[in-house]
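S.K.: Okay, handing you the structure first.
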Amino acid sequence: MDTAKEIAKLTYKALDDKKAEDIKVIEIGSITVIADYFIIANGTNSSQVQALVDNVMEELSKNGYEPKRIEGIRSASWILMDYGDVVVHIFSKEDRLFYDLERIWRDGKLVSKEQLEVK
């Protein structure tokens with residue numbers, strides 16, 4: 001499995017384990033050089049958003065993947081976690097609706113949980 005897909009799979013699992021809402025994996029490699037995947041999810045409150053971020057960092061670190069940078073931690077309303085070929089966006093519910101990244105990146109291909117082979 002390629003590295004980007006492996007990171008996407010681990011991220012999905014980490015978000016799912018902490019009950020993230022509406023996890024979307026969008027394959028964007030064919031339409032931009034920014035990354036291969038965007039992963040978008042939201043929490044119901046700032047505590048859950050922080051728990052999602054912590055769990056993603058822990059799960060990926062355990063598997064040897066460290067973020068290039070993380071932005072937005074203090075606000076806890078939109079956290080961007082840059083893992084190179086995979087960029088993770090964890091939102092508060094309100095900010096996710098406001099920024100609507102799914103619409104902006106609608107030319108990308110939605111990847112299902114099954115396509116990531118998440119067990």
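Residue names in the structure tokens use chain letters A, B, ... in the order shown, residue numbers from 1 in each chain, and ligand numbers from 1 in the order shown.
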Identify, on the basis of only C-alpha atoms, every residue whose closest approach to segment 108-117 of chain A does not exceed 12 Å; exclude the query and any residue fewer than 6 positions from it along the same chain; express the result as number ranges by chain.
M.R.: A: 1-2, 4-13, 15-16, 22-32, 35-40, 101-102
S.K.: Filtering to N, CA, C and O atoms, could you give me those residues as a compact mmCIF listing (two decimals), in the first residue's frame?
M.R.:
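Contents of result34.txt, as written:
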# COMPACT_ATOMS: atom_id res chain seq x y z
N MET A 1 0.85 -1.19 0.00
CA MET A 1 0.00 0.00 0.00
C MET A 1 0.89 1.24 0.00
O MET A 1 1.88 1.29 0.71
N ASP A 2 0.53 2.23 -0.81
CA ASP A 2 1.37 3.43 -0.83
C ASP A 2 1.22 4.21 0.47
O ASP A 2 0.25 4.07 1.20
N ALA A 4 0.66 7.40 1.20
CA ALA A 4 -0.48 8.31 1.35
C ALA A 4 -1.74 7.53 1.71
O ALA A 4 -2.49 7.94 2.60
N LYS A 5 -1.96 6.41 1.05
CA LYS A 5 -3.16 5.62 1.34
C LYS A 5 -3.08 5.03 2.76
O LYS A 5 -4.08 4.97 3.47
N GLU A 6 -1.91 4.63 3.16
CA GLU A 6 -1.71 4.10 4.52
C GLU A 6 -2.01 5.18 5.57
O GLU A 6 -2.71 4.93 6.55
N ILE A 7 -1.52 6.40 5.33
CA ILE A 7 -1.79 7.51 6.26
C ILE A 7 -3.30 7.80 6.28
O ILE A 7 -3.88 8.01 7.35
N ALA A 8 -3.93 7.81 5.11
CA ALA A 8 -5.37 8.06 5.04
C ALA A 8 -6.14 6.99 5.81
O ALA A 8 -7.08 7.30 6.55
N LYS A 9 -5.75 5.75 5.66
CA LYS A 9 -6.41 4.64 6.34
C LYS A 9 -6.27 4.77 7.87
O LYS A 9 -7.25 4.66 8.61
N LEU A 10 -5.05 5.04 8.33
CA LEU A 10 -4.81 5.20 9.78
C LEU A 10 -5.56 6.40 10.34
O LEU A 10 -6.10 6.35 11.44
N THR A 11 -5.60 7.48 9.56
CA THR A 11 -6.32 8.69 9.99
C THR A 11 -7.81 8.42 10.10
O THR A 11 -8.45 8.80 11.09
N TYR A 12 -8.36 7.74 9.11
CA TYR A 12 -9.79 7.40 9.14
C TYR A 12 -10.11 6.61 10.40
O TYR A 12 -11.05 6.91 11.13
N LYS A 13 -9.30 5.60 10.68
CA LYS A 13 -9.52 4.76 11.85
C LYS A 13 -9.44 5.58 13.14
O LYS A 13 -10.28 5.45 14.02
N LEU A 15 -9.97 8.78 13.56
CA LEU A 15 -11.13 9.67 13.65
C LEU A 15 -12.38 8.87 14.03
O LEU A 15 -13.17 9.28 14.89
N ASP A 16 -12.54 7.73 13.40
CA ASP A 16 -13.69 6.87 13.66
C ASP A 16 -13.70 6.37 15.11
O ASP A 16 -14.74 6.33 15.75
N ASP A 22 -19.21 12.47 10.17
CA ASP A 22 -19.17 12.66 8.71
C ASP A 22 -17.75 12.71 8.14
O ASP A 22 -17.35 13.70 7.53
N ILE A 23 -16.99 11.64 8.35
CA ILE A 23 -15.62 11.57 7.84
C ILE A 23 -15.65 11.42 6.32
O ILE A 23 -16.30 10.53 5.79
N LYS A 24 -14.95 12.33 5.65
CA LYS A 24 -14.87 12.29 4.19
C LYS A 24 -13.41 12.20 3.79
O LYS A 24 -12.58 12.96 4.28
N VAL A 25 -13.11 11.27 2.91
CA VAL A 25 -11.77 11.16 2.32
C VAL A 25 -11.92 11.51 0.85
O VAL A 25 -12.71 10.88 0.14
N ILE A 26 -11.20 12.53 0.42
CA ILE A 26 -11.29 12.98 -0.96
C ILE A 26 -9.92 12.83 -1.61
O ILE A 26 -8.92 13.38 -1.13
N GLU A 27 -9.89 12.05 -2.67
CA GLU A 27 -8.66 11.87 -3.44
C GLU A 27 -8.52 13.06 -4.37
O GLU A 27 -9.36 13.27 -5.25
N ILE A 28 -7.47 13.86 -4.18
CA ILE A 28 -7.31 15.10 -4.95
C ILE A 28 -6.03 15.11 -5.78
O ILE A 28 -5.74 16.09 -6.46
N GLY A 29 -5.26 14.03 -5.73
CA GLY A 29 -3.97 13.97 -6.42
C GLY A 29 -4.04 14.23 -7.91
O GLY A 29 -3.08 14.74 -8.50
N SER A 30 -5.16 13.92 -8.54
CA SER A 30 -5.28 14.11 -9.99
C SER A 30 -5.66 15.55 -10.36
O SER A 30 -5.58 15.92 -11.53
N ILE A 31 -6.05 16.36 -9.37
CA ILE A 31 -6.47 17.73 -9.69
C ILE A 31 -5.59 18.81 -9.07
O ILE A 31 -5.77 19.99 -9.36
N THR A 32 -4.65 18.42 -8.20
CA THR A 32 -3.76 19.39 -7.57
C THR A 32 -2.47 18.71 -7.11
O THR A 32 -2.45 17.49 -6.94
N ALA A 35 -1.66 17.75 -2.41
CA ALA A 35 -1.67 16.49 -1.65
C ALA A 35 -2.38 15.43 -2.48
O ALA A 35 -2.97 15.73 -3.52
N ASP A 36 -2.31 14.19 -2.01
CA ASP A 36 -3.06 13.10 -2.65
C ASP A 36 -4.46 12.97 -2.06
O ASP A 36 -5.40 12.62 -2.76
N TYR A 37 -4.56 13.24 -0.75
CA TYR A 37 -5.85 13.09 -0.06
C TYR A 37 -6.11 14.26 0.87
O TYR A 37 -5.19 14.75 1.53
N PHE A 38 -7.35 14.68 0.92
CA PHE A 38 -7.87 15.55 1.97
C PHE A 38 -8.78 14.67 2.80
O PHE A 38 -9.60 13.93 2.25
N ILE A 39 -8.64 14.77 4.11
CA ILE A 39 -9.57 14.07 5.00
C ILE A 39 -10.25 15.15 5.82
O ILE A 39 -9.59 16.00 6.42
N ILE A 40 -11.58 15.12 5.80
CA ILE A 40 -12.38 16.14 6.47
C ILE A 40 -13.31 15.47 7.46
O ILE A 40 -13.97 14.47 7.13
N LEU A 101 -15.49 22.70 2.57
CA LEU A 101 -14.39 22.22 1.73
C LEU A 101 -14.83 21.15 0.73
O LEU A 101 -14.27 21.05 -0.35
N GLU A 102 -15.84 20.38 1.09
CA GLU A 102 -16.31 19.34 0.16
C GLU A 102 -16.78 19.96 -1.15
O GLU A 102 -16.56 19.41 -2.21
S.K.: Excluding same-chain residues fewer than 3 positions from segment 87-97 of chain A, what lies within 8 Å of it counting only C-alpha atoms, as a ChimeraX atom specification?
M.R.: /A:35,37-46,49,52-53,76-84,100-101
S.K.: Give the answer as one residue: which of A:Trp105, A:Arg74, A:Asp85, A:Thr3 has the shortest atom-to-atom distance to Ser47 of chain A, using only C-alpha atoms?
M.R.: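 With only C-alpha atoms as the atom set, the closest residue is A:Arg74.
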S.K.: If you measure from atom CA of Tyr99 of chain A to atom CA of Tyr65 of chain A, what distance in Å do you get, rounded to one decimal?
M.R.: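 Separation between atom CA of Tyr99 of chain A and atom CA of Tyr65 of chain A: 27.3 Å.
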S.K.: To one decimal in Å, tell me the separation between atom CA of Gln48 of chain A and atom CA of Glu21 of chain A.
M.R.: 10.3 Å
S.K.: Would you kindly return, as a CSV table (one decimal) with C-alpha atoms, in the first residue's frame, each protein, DNA or RNA residue with an atom no farther than 7 Å from any atom of Ala14 of chain A, considering only C-alpha atoms and excluding same-chain residues fewer than 4 positions away?
M.R.:
chain,number,residue,atom,x,y,z
A,10,LEU,CA,-4.8,5.2,9.8
A,18,LYS,CA,-13.2,8.9,18.6
A,55,ASN,CA,-5.9,10.6,18.5
A,56,VAL,CA,-4.8,11.2,14.9
A,59,GLU,CA,-2.1,6.8,15.8
S.K.: Just to confirm, what's the straight-line distance from atom CA of Asn63 of chain A to atom CA of Asp17 of chain A in Å (one decimal)?
M.R.: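 Going from atom CA of Asn63 of chain A over to atom CA of Asp17 of chain A covers 16.2 Å.
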